[in-house]
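File shown: input00.pdb. Contents: PDB, C-alpha atoms.
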```
ATOM      1  CA  MET Y 127      10.522   0.615 -22.437
ATOM      2  CA  LYS Y 128       6.943  -0.618 -22.735
ATOM      3  CA  ALA Y 129       4.473   0.926 -20.260
ATOM      4  CA  ARG Y 130       2.920  -1.428 -17.760
ATOM      5  CA  GLN Y 131      -0.806  -2.020 -18.153
ATOM      6  CA  PRO Y 132      -2.777  -0.726 -15.122
ATOM      7  CA  LEU Y 133      -4.423  -3.292 -12.855
ATOM      8  CA  HIS Y 134      -7.149  -3.190 -10.220
ATOM      9  CA  LEU Y 135      -6.540  -6.372  -8.233
ATOM     10  CA  ILE Y 136      -9.441  -7.622  -6.104
ATOM     11  CA  ILE Y 137      -8.520 -10.343  -3.620
ATOM     12  CA  VAL Y 138     -11.478 -11.986  -1.889
ATOM     13  CA  SER Y 139     -10.976 -13.865   1.353
ATOM     14  CA  TYR Y 140     -11.273 -17.645   1.041
ATOM     15  CA  PRO Y 141     -11.583 -19.171   4.537
ATOM     16  CA  SER Y 142     -11.281 -22.945   4.987
ATOM     17  CA  ARG Y 143     -14.936 -23.108   6.077
ATOM     18  CA  LEU Y 144     -17.419 -21.983   3.430
ATOM     19  CA  ASP Y 145     -18.614 -18.420   4.018
ATOM     20  CA  ALA Y 146     -21.790 -17.729   2.021
ATOM     21  CA  THR Y 147     -21.363 -13.947   2.186
ATOM     22  CA  LEU Y 148     -17.818 -13.991   0.805
ATOM     23  CA  GLU Y 149     -18.816 -16.524  -1.876
ATOM     24  CA  GLU Y 150     -21.672 -14.316  -3.050
ATOM     25  CA  ILE Y 151     -19.389 -11.258  -3.172
ATOM     26  CA  ALA Y 152     -16.707 -13.222  -5.078
ATOM     27  CA  HIS Y 153     -19.227 -14.427  -7.683
ATOM     28  CA  THR Y 154     -20.682 -10.930  -8.098
ATOM     29  CA  LEU Y 155     -17.232  -9.376  -8.588
ATOM     30  CA  ALA Y 156     -16.120 -12.157 -10.963
ATOM     31  CA  ARG Y 157     -18.964 -11.216 -13.331
ATOM     32  CA  GLY Y 158     -17.289  -7.830 -13.848
ATOM     33  CA  ALA Y 159     -13.732  -9.117 -14.251
ATOM     34  CA  THR Y 160     -11.841  -7.652 -17.207
ATOM     35  CA  GLU Y 161      -8.267  -7.433 -18.379
ATOM     36  CA  THR Y 162      -7.735  -4.451 -16.075
ATOM     37  CA  ARG Y 163      -9.906  -5.659 -13.150
ATOM     38  CA  VAL Y 164      -8.927  -9.116 -11.890
ATOM     39  CA  VAL Y 165     -10.538 -11.129  -9.083
ATOM     40  CA  GLU Y 166      -8.415 -13.590  -7.091
ATOM     41  CA  ARG Y 167      -8.938 -15.594  -3.877
ATOM     42  CA  ALA Y 168      -6.596 -15.805  -0.877
ATOM     43  CA  GLN Y 169      -6.525 -17.720   2.390
ATOM     44  CA  ALA Y 170      -3.380 -16.408   4.077
ATOM     45  CA  HIS Y 171      -0.893 -13.533   4.004
ATOM     46  CA  SER Y 172       1.471 -15.678   1.921
ATOM     47  CA  ASP Y 173      -1.218 -15.934  -0.801
ATOM     48  CA  LEU Y 174      -1.598 -12.169  -0.783
ATOM     49  CA  ARG Y 175       2.142 -11.595  -1.144
ATOM     50  CA  PHE Y 176       2.331 -14.213  -3.937
ATOM     51  CA  LEU Y 177      -0.591 -12.760  -5.940
ATOM     52  CA  ILE Y 178       0.573  -9.144  -5.843
ATOM     53  CA  ARG Y 179       4.121 -10.149  -6.743
ATOM     54  CA  GLN Y 180       2.965 -12.399  -9.611
ATOM     55  CA  TRP Y 181       0.832  -9.681 -11.206
ATOM     56  CA  HIS Y 182       3.743  -7.241 -10.912
ATOM     57  CA  LEU Y 183       6.059  -9.761 -12.585
ATOM     58  CA  ARG Y 184       3.534 -10.045 -15.442
ATOM     59  CA  ASP Y 185       4.347  -6.403 -16.214
ATOM     60  CA  ARG Y 186       1.188  -5.051 -14.656
ATOM     61  CA  ASP Y 187       1.006  -1.722 -12.816
ATOM     62  CA  VAL Y 188      -0.892  -2.731  -9.655
ATOM     63  CA  ARG Y 189      -2.681   0.545  -8.903
ATOM     64  CA  THR Y 190      -5.509  -0.616  -6.645
ATOM     65  CA  VAL Y 191      -5.647  -3.635  -4.356
ATOM     66  CA  ASP Y 192      -9.023  -4.398  -2.805
ATOM     67  CA  LEU Y 193      -8.871  -6.907   0.027
ATOM     68  CA  VAL Y 194     -12.373  -8.234   0.684
ATOM     69  CA  GLY Y 195     -12.814 -10.013   4.000
ATOM     70  CA  HIS Y 196     -14.210  -9.700   7.491
ATOM     71  CA  GLY Y 197     -13.350  -6.845   9.766
ATOM     72  CA  GLY Y 198     -14.158  -4.852  12.839
ATOM     73  CA  GLY Y 199     -12.833  -1.633  14.310
ATOM     74  CA  GLY Y 200      -9.051  -1.756  13.804
ATOM     75  CA  ARG Y 201      -8.975  -5.357  12.515
ATOM     76  CA  PHE Y 202      -9.013  -7.072   9.120
ATOM     77  CA  LYS Y 203      -9.174 -10.826   8.568
ATOM     78  CA  LEU Y 204      -8.185 -12.614   5.361
ATOM     79  CA  GLY Y 205      -9.112 -16.271   5.078
ATOM     80  CA  ASP Y 206      -8.516 -17.930   8.427
ATOM     81  CA  GLU Y 207      -6.060 -15.436   9.870
ATOM     82  CA  LEU Y 208      -6.044 -11.946  11.273
ATOM     83  CA  LEU Y 209      -4.112 -10.063   8.602
ATOM     84  CA  PHE Y 210      -3.890  -6.598  10.184
ATOM     85  CA  ALA Y 211      -4.781  -5.178  13.600
ATOM     86  CA  SER Y 212      -4.190  -1.887  15.375
ATOM     87  CA  ASP Y 213      -2.078  -3.674  18.010
ATOM     88  CA  GLY Y 214       0.592  -3.973  15.278
ATOM     89  CA  THR Y 215      -0.355  -7.429  14.001
ATOM     90  CA  GLY Y 216       0.714  -7.888  10.377
ATOM     91  CA  VAL Y 217       1.674  -4.293   9.575
ATOM     92  CA  GLU Y 218       5.191  -5.392   8.565
ATOM     93  CA  LEU Y 219       3.613  -7.300   5.635
ATOM     94  CA  VAL Y 220       3.120  -3.935   3.910
ATOM     95  CA  ASP Y 221       6.918  -3.614   3.623
ATOM     96  CA  GLU Y 222       6.924  -6.779   1.495
ATOM     97  CA  LEU Y 223       4.042  -5.599  -0.728
ATOM     98  CA  THR Y 224       5.112  -2.006  -1.406
ATOM     99  CA  PRO Y 225       7.841  -2.785  -4.002
ATOM    100  CA  PHE Y 226       5.266  -4.572  -6.178
ATOM    101  CA  LEU Y 227       2.658  -1.806  -6.076
ATOM    102  CA  SER Y 228       2.357   1.241  -8.302
ATOM    103  CA  GLU Y 229       3.943   4.470  -7.020
ATOM    104  CA  ARG Y 230       0.446   5.847  -6.406
ATOM    105  CA  ALA Y 231      -1.265   2.624  -5.385
ATOM    106  CA  THR Y 232      -4.307   2.436  -3.140
ATOM    107  CA  LEU Y 233      -4.800  -0.457  -0.716
ATOM    108  CA  ARG Y 234      -8.448  -0.829   0.353
ATOM    109  CA  LEU Y 235      -9.339  -3.028   3.343
ATOM    110  CA  LEU Y 236     -12.955  -3.894   2.549
ATOM    111  CA  GLY Y 237     -14.135  -5.455   5.789
ATOM    112  CA  CYS Y 238     -16.946  -4.221   8.022
ATOM    113  CA  SER Y 239     -16.138  -1.030   9.933
ATOM    114  CA  VAL Y 240     -12.348  -1.518   9.774
ATOM    115  CA  ALA Y 241     -11.767   2.250  10.105
ATOM    116  CA  GLU Y 242     -13.918   2.628  13.230
ATOM    117  CA  LYS Y 243     -12.902   2.408  16.860
ATOM    118  CA  ASP Y 244     -14.081  -0.837  18.422
ATOM    119  CA  THR Y 245     -14.953  -0.816  22.099
ATOM    120  CA  PRO Y 246     -15.922  -4.326  23.130
ATOM    121  CA  LEU Y 247     -17.901  -4.886  26.304
ATOM    122  CA  SER Y 248     -14.911  -6.510  27.938
ATOM    123  CA  VAL Y 249     -12.567  -3.542  27.873
ATOM    124  CA  THR Y 250      -9.500  -5.774  27.912
ATOM    125  CA  ARG Y 251      -8.310  -4.679  24.479
ATOM    126  CA  ALA Y 252      -9.916  -2.033  22.304
ATOM    127  CA  PHE Y 253      -8.972  -1.798  18.640
ATOM    128  CA  ASP Y 254      -8.830   1.510  16.824
ATOM    129  CA  GLY Y 255      -9.387   1.732  13.081
ATOM    130  CA  GLN Y 256      -7.656   5.079  12.650
ATOM    131  CA  SER Y 257      -4.602   3.771  14.516
ATOM    132  CA  LEU Y 258      -4.435   0.792  12.147
ATOM    133  CA  LEU Y 259      -4.696   3.031   9.084
ATOM    134  CA  ARG Y 260      -1.944   5.334  10.407
ATOM    135  CA  GLN Y 261       0.375   2.352  11.025
ATOM    136  CA  LEU Y 262      -0.195   0.968   7.516
ATOM    137  CA  ASP Y 263       0.085   4.413   5.945
ATOM    138  CA  ALA Y 264       3.465   4.933   7.623
ATOM    139  CA  ARG Y 265       4.820   1.832   5.870
ATOM    140  CA  LEU Y 266       3.477   2.660   2.412
ATOM    141  CA  GLY Y 267       5.342   4.806  -0.107
ATOM    142  CA  SER Y 268       4.883   8.561   0.064
ATOM    143  CA  HIS Y 269       2.238   8.618  -2.703
ATOM    144  CA  GLN Y 270       0.516   5.355  -1.743
ATOM    145  CA  ARG Y 271      -2.507   5.250   0.544
ATOM    146  CA  VAL Y 272      -4.735   2.921   2.502
ATOM    147  CA  LEU Y 273      -8.527   3.210   2.834
ATOM    148  CA  ALA Y 274     -11.126   1.309   4.851
ATOM    149  CA  PRO Y 275     -14.865   1.656   5.539
ATOM    150  CA  THR Y 276     -16.364   3.274   8.606
ATOM    151  CA  ARG Y 277     -19.497   1.125   8.410
ATOM    152  CA  ALA Y 278     -20.525  -2.470   7.797
ATOM    153  CA  LEU Y 279     -20.387  -3.648   4.185
ATOM    154  CA  PHE Y 280     -23.072  -5.978   2.842
ATOM    155  CA  THR Y 281     -23.371  -8.127  -0.268
ATOM    156  CA  THR Y 282     -25.669  -5.437  -1.710
ATOM    157  CA  ASP Y 283     -22.750  -2.961  -1.541
ATOM    158  CA  TYR Y 284     -20.969  -4.917  -4.290
ATOM    159  CA  GLY Y 285     -21.771  -5.084  -7.969
ATOM    160  CA  PRO Y 286     -19.891  -6.598 -10.896
ATOM    161  CA  HIS Y 287     -17.770  -3.437 -11.115
ATOM    162  CA  GLY Y 288     -16.900  -3.259  -7.399
ATOM    163  CA  LEU Y 289     -18.275  -1.153  -4.579
ATOM    164  CA  ASN Y 290     -21.340   0.953  -5.229
ATOM    165  CA  SER Y 291     -21.128   4.722  -4.714
ATOM    166  CA  ARG Y 292     -22.804   4.615  -1.266
ATOM    167  CA  ALA Y 293     -20.208   2.136   0.018
ATOM    168  CA  LYS Y 294     -17.341   4.129  -1.540
ATOM    169  CA  ARG Y 295     -18.441   7.188   0.453
ATOM    170  CA  SER Y 296     -17.819   5.257   3.682
ATOM    171  CA  LEU Y 297     -14.114   4.755   2.846
ATOM    172  CA  VAL Y 298     -11.646   6.868   4.811
ATOM    173  CA  GLY Y 299      -7.875   7.023   5.103
ATOM    174  CA  SER Y 300      -5.627   7.894   7.995
ATOM    175  CA  THR Y 301      -5.703  11.569   7.014
ATOM    176  CA  THR Y 302      -9.298  11.784   5.800
ATOM    177  CA  ALA Y 303     -11.268  14.314   7.785
ATOM    178  CA  ARG Y 304     -14.861  13.420   8.526
ATOM    179  CA  ARG Y 305     -16.928  15.504   6.162
ATOM    180  CA  GLN Y 306     -20.115  15.357   4.189
ATOM    181  CA  HIS Y 307     -19.665  13.933   0.731
ATOM    182  CA  HIS Y 308     -22.239  16.012  -1.132
ATOM    183  CA  GLY Y 309     -20.422  19.298  -1.532
ATOM    184  CA  ARG Y 310     -21.624  22.031   0.806
ATOM    185  CA  ARG Y 311     -22.117  21.696   4.508
ATOM    186  CA  LYS Y 312     -25.532  22.567   5.802
ATOM    187  CA  THR Y 313     -25.407  25.545   8.077
ATOM    188  CA  GLN Y 314     -27.155  25.077  11.349
ATOM    189  CA  GLN Y 315     -29.873  27.666  11.826
ATOM    190  CA  THR Y 316     -30.965  28.620  15.271
ATOM    191  CA  SER Y 317     -34.624  28.893  15.963
ATOM    192  CA  SER Y 318     -36.774  28.668  19.006
ATOM    193  CA  LYS Y 319     -38.119  25.302  17.752
ATOM    194  CA  GLN Y 320     -34.777  23.501  18.002
ATOM    195  CA  PRO Y 321     -33.977  21.621  21.199
ATOM    196  CA  ARG Y 322     -31.163  23.027  23.291
TER     197      ARG Y 322
END
```

Could you render the structure from this file as structure tokens?
Amino acid sequence: MKARQPLHLIIVSYPSRLDATLEEIAHTLARGATETRVVERAQAHSDLRFLIRQWHLRDRDVRTVDLVGHGGGGRFKLGDELLFASDGTGVELVDELTPFLSERATLRLLGCSVAEKDTPLSVTRAFDGQSLLRQLDARLGSHQRVLAPTRALFTTDYGPHGLNSRAKRSLVGSTTARRQHHGRRKTQQTSSKQPR
């Protein structure tokens, strides 16, 4: 049996009203498209399901799926609709995607601060990024994972080959402990000059 060729599928949100930020990101990413890194556009969850399934049916091993759109703590929007939210919105979609992903696939929700807790001024409904990641993680296969950023992402965070290293360091999963990314932790030294 012929081995499937690996694929990094980047799906950029395509809302019905022109969004200059998303257009700039899409054009930047398209410049780095290759046979193993493909850039597509999607407006709704049905587009997402169709694209992932189609690439799988083309005998591709979909190892990474980057969804580029707008987000906020515990929310991710694709096109004109809220795709996932920590209140349970859309999480069942993952059940439909999982069979078409690689056994060790990574789903990255690249929207601003998706992994952070959002506490709006009107405390009617707070969204929690870690709760969303845990819900999605629970529906993925045992070796699949979901990641999202803890900070805002800007057009400068993207290059032709995807996220730059600074932006990648902001990605966390549901089990990722907060830690420094540069190896050793600095030990805090006590001195009389430090505030108490």

Using the chain letters and numbers from this file, what does the PyMOL selection byres ((chain Y and resi 181) around 12) select? Give the answer as an mmCIF file with C-alpha atoms, in the coordinates of the input.
```
data_model
loop_
_atom_site.group_PDB
_atom_site.id
_atom_site.type_symbol
_atom_site.label_atom_id
_atom_site.label_comp_id
_atom_site.auth_asym_id
_atom_site.auth_seq_id
_atom_site.Cartn_x
_atom_site.Cartn_y
_atom_site.Cartn_z
ATOM 1 C CA ARG Y 130 2.920 -1.428 -17.760
ATOM 2 C CA GLN Y 131 -0.806 -2.020 -18.153
ATOM 3 C CA PRO Y 132 -2.777 -0.726 -15.122
ATOM 4 C CA LEU Y 133 -4.423 -3.292 -12.855
ATOM 5 C CA HIS Y 134 -7.149 -3.190 -10.220
ATOM 6 C CA LEU Y 135 -6.540 -6.372 -8.233
ATOM 7 C CA ILE Y 136 -9.441 -7.622 -6.104
ATOM 8 C CA GLU Y 161 -8.267 -7.433 -18.379
ATOM 9 C CA THR Y 162 -7.735 -4.451 -16.075
ATOM 10 C CA ARG Y 163 -9.906 -5.659 -13.150
ATOM 11 C CA VAL Y 164 -8.927 -9.116 -11.890
ATOM 12 C CA VAL Y 165 -10.538 -11.129 -9.083
ATOM 13 C CA GLU Y 166 -8.415 -13.590 -7.091
ATOM 14 C CA LEU Y 174 -1.598 -12.169 -0.783
ATOM 15 C CA ARG Y 175 2.142 -11.595 -1.144
ATOM 16 C CA PHE Y 176 2.331 -14.213 -3.937
ATOM 17 C CA LEU Y 177 -0.591 -12.760 -5.940
ATOM 18 C CA ILE Y 178 0.573 -9.144 -5.843
ATOM 19 C CA ARG Y 179 4.121 -10.149 -6.743
ATOM 20 C CA GLN Y 180 2.965 -12.399 -9.611
ATOM 21 C CA HIS Y 182 3.743 -7.241 -10.912
ATOM 22 C CA LEU Y 183 6.059 -9.761 -12.585
ATOM 23 C CA ARG Y 184 3.534 -10.045 -15.442
ATOM 24 C CA ASP Y 185 4.347 -6.403 -16.214
ATOM 25 C CA ARG Y 186 1.188 -5.051 -14.656
ATOM 26 C CA ASP Y 187 1.006 -1.722 -12.816
ATOM 27 C CA VAL Y 188 -0.892 -2.731 -9.655
ATOM 28 C CA ARG Y 189 -2.681 0.545 -8.903
ATOM 29 C CA THR Y 190 -5.509 -0.616 -6.645
ATOM 30 C CA VAL Y 191 -5.647 -3.635 -4.356
ATOM 31 C CA LEU Y 223 4.042 -5.599 -0.728
ATOM 32 C CA PHE Y 226 5.266 -4.572 -6.178
ATOM 33 C CA LEU Y 227 2.658 -1.806 -6.076
ATOM 34 C CA SER Y 228 2.357 1.241 -8.302
#
```

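Every protein or nucleic acid residue with an atom no more than 8 Å from Cys238 (chain Y), counting only C-alpha atoms and leaving out same-chain residues fewer than 5 positions away, appears here: His196, Gly197, Gly198, Gly199, Pro275, Thr276, Arg277, Ala278 and Leu279 of chain Y.
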
Exercise. For Leu155 (chain Y), which residue among Y:Thr301, Y:Ser268, Y:Thr281, Y:Ser239 is the nearest when counting only C-alpha atoms?
Worked result: Y:Thr281

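Across the structure, CA of Val272 (chain Y) and CA of Gly299 (chain Y) are spaced 5.8 Å apart.
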
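Counting from CA of Gly158 (chain Y), the distance to CA of Tyr140 (chain Y) is 18.8 Å.
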
For this session: Kindly give the distance, in Å, that separates CA of Phe280 (chain Y) and CA of Ala293 (chain Y), rounded to a single decimal.
Result: 9.1 Å

Closest atom pairs, residues of region 219-247 of chain Y within 8 Å of region 258-265 of chain Y, only C-alpha atoms, as JSON lines:
```
{"residue": "Y:Val220", "atom": "CA", "partner": "Y:Arg265", "partner_atom": "CA", "distance": 6.3}
{"residue": "Y:Asp221", "atom": "CA", "partner": "Y:Arg265", "partner_atom": "CA", "distance": 6.3}
{"residue": "Y:Ala241", "atom": "CA", "partner": "Y:Leu259", "partner_atom": "CA", "distance": 7.2}
```

Exercise. Excluding same-chain residues fewer than 2 positions from Leu148 (chain Y), what lies within 8 Å of it counting all atoms listed in the file, as a ChimeraX atom specification?
Worked result: /Y:138-140,145-146,150-152,194-195

Problem set entry | Which residue of Y:Gly285, Y:Gly200, Y:Gly255, Y:Gly267 approaches Ala231 (chain Y) most closely, using all atoms listed in the file | Y:Gly267

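Minimum distance to Gly205 (chain Y) across Y:Ala129, Y:Leu144, Y:Leu235, Y:Ala156 (counting all atoms listed in the file) occurs at Y:Leu144.
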
For this session: Could you tell me which residues the PyMOL selection byres ((chain Y and resi 206) around 8) returns for this structure, as a PyMOL selection string?
Result: chain Y and resi 140-142+169-170+203-205+207-208

The PyMOL selection byres ((chain Y and resi 212) around 6) on the file shown: which residues, as a compact mmCIF listing (two decimals) with C-alpha atoms, in the frame of the given file?
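expr-v4.txt, freshly written:
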```txt
# COMPACT_ATOMS: atom_id res chain seq x y z
CA GLY Y 200 -9.05 -1.76 13.80
CA ALA Y 211 -4.78 -5.18 13.60
CA ASP Y 213 -2.08 -3.67 18.01
CA GLY Y 214 0.59 -3.97 15.28
CA PHE Y 253 -8.97 -1.80 18.64
CA ASP Y 254 -8.83 1.51 16.82
CA SER Y 257 -4.60 3.77 14.52
CA LEU Y 258 -4.43 0.79 12.15
```

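Between Leu209 (chain Y) and the residues Y:Ser172, Y:Ser291, Y:Ser296, Y:Thr147, the shortest atom-to-atom distance, using all atoms listed in the file, involves Y:Ser172.
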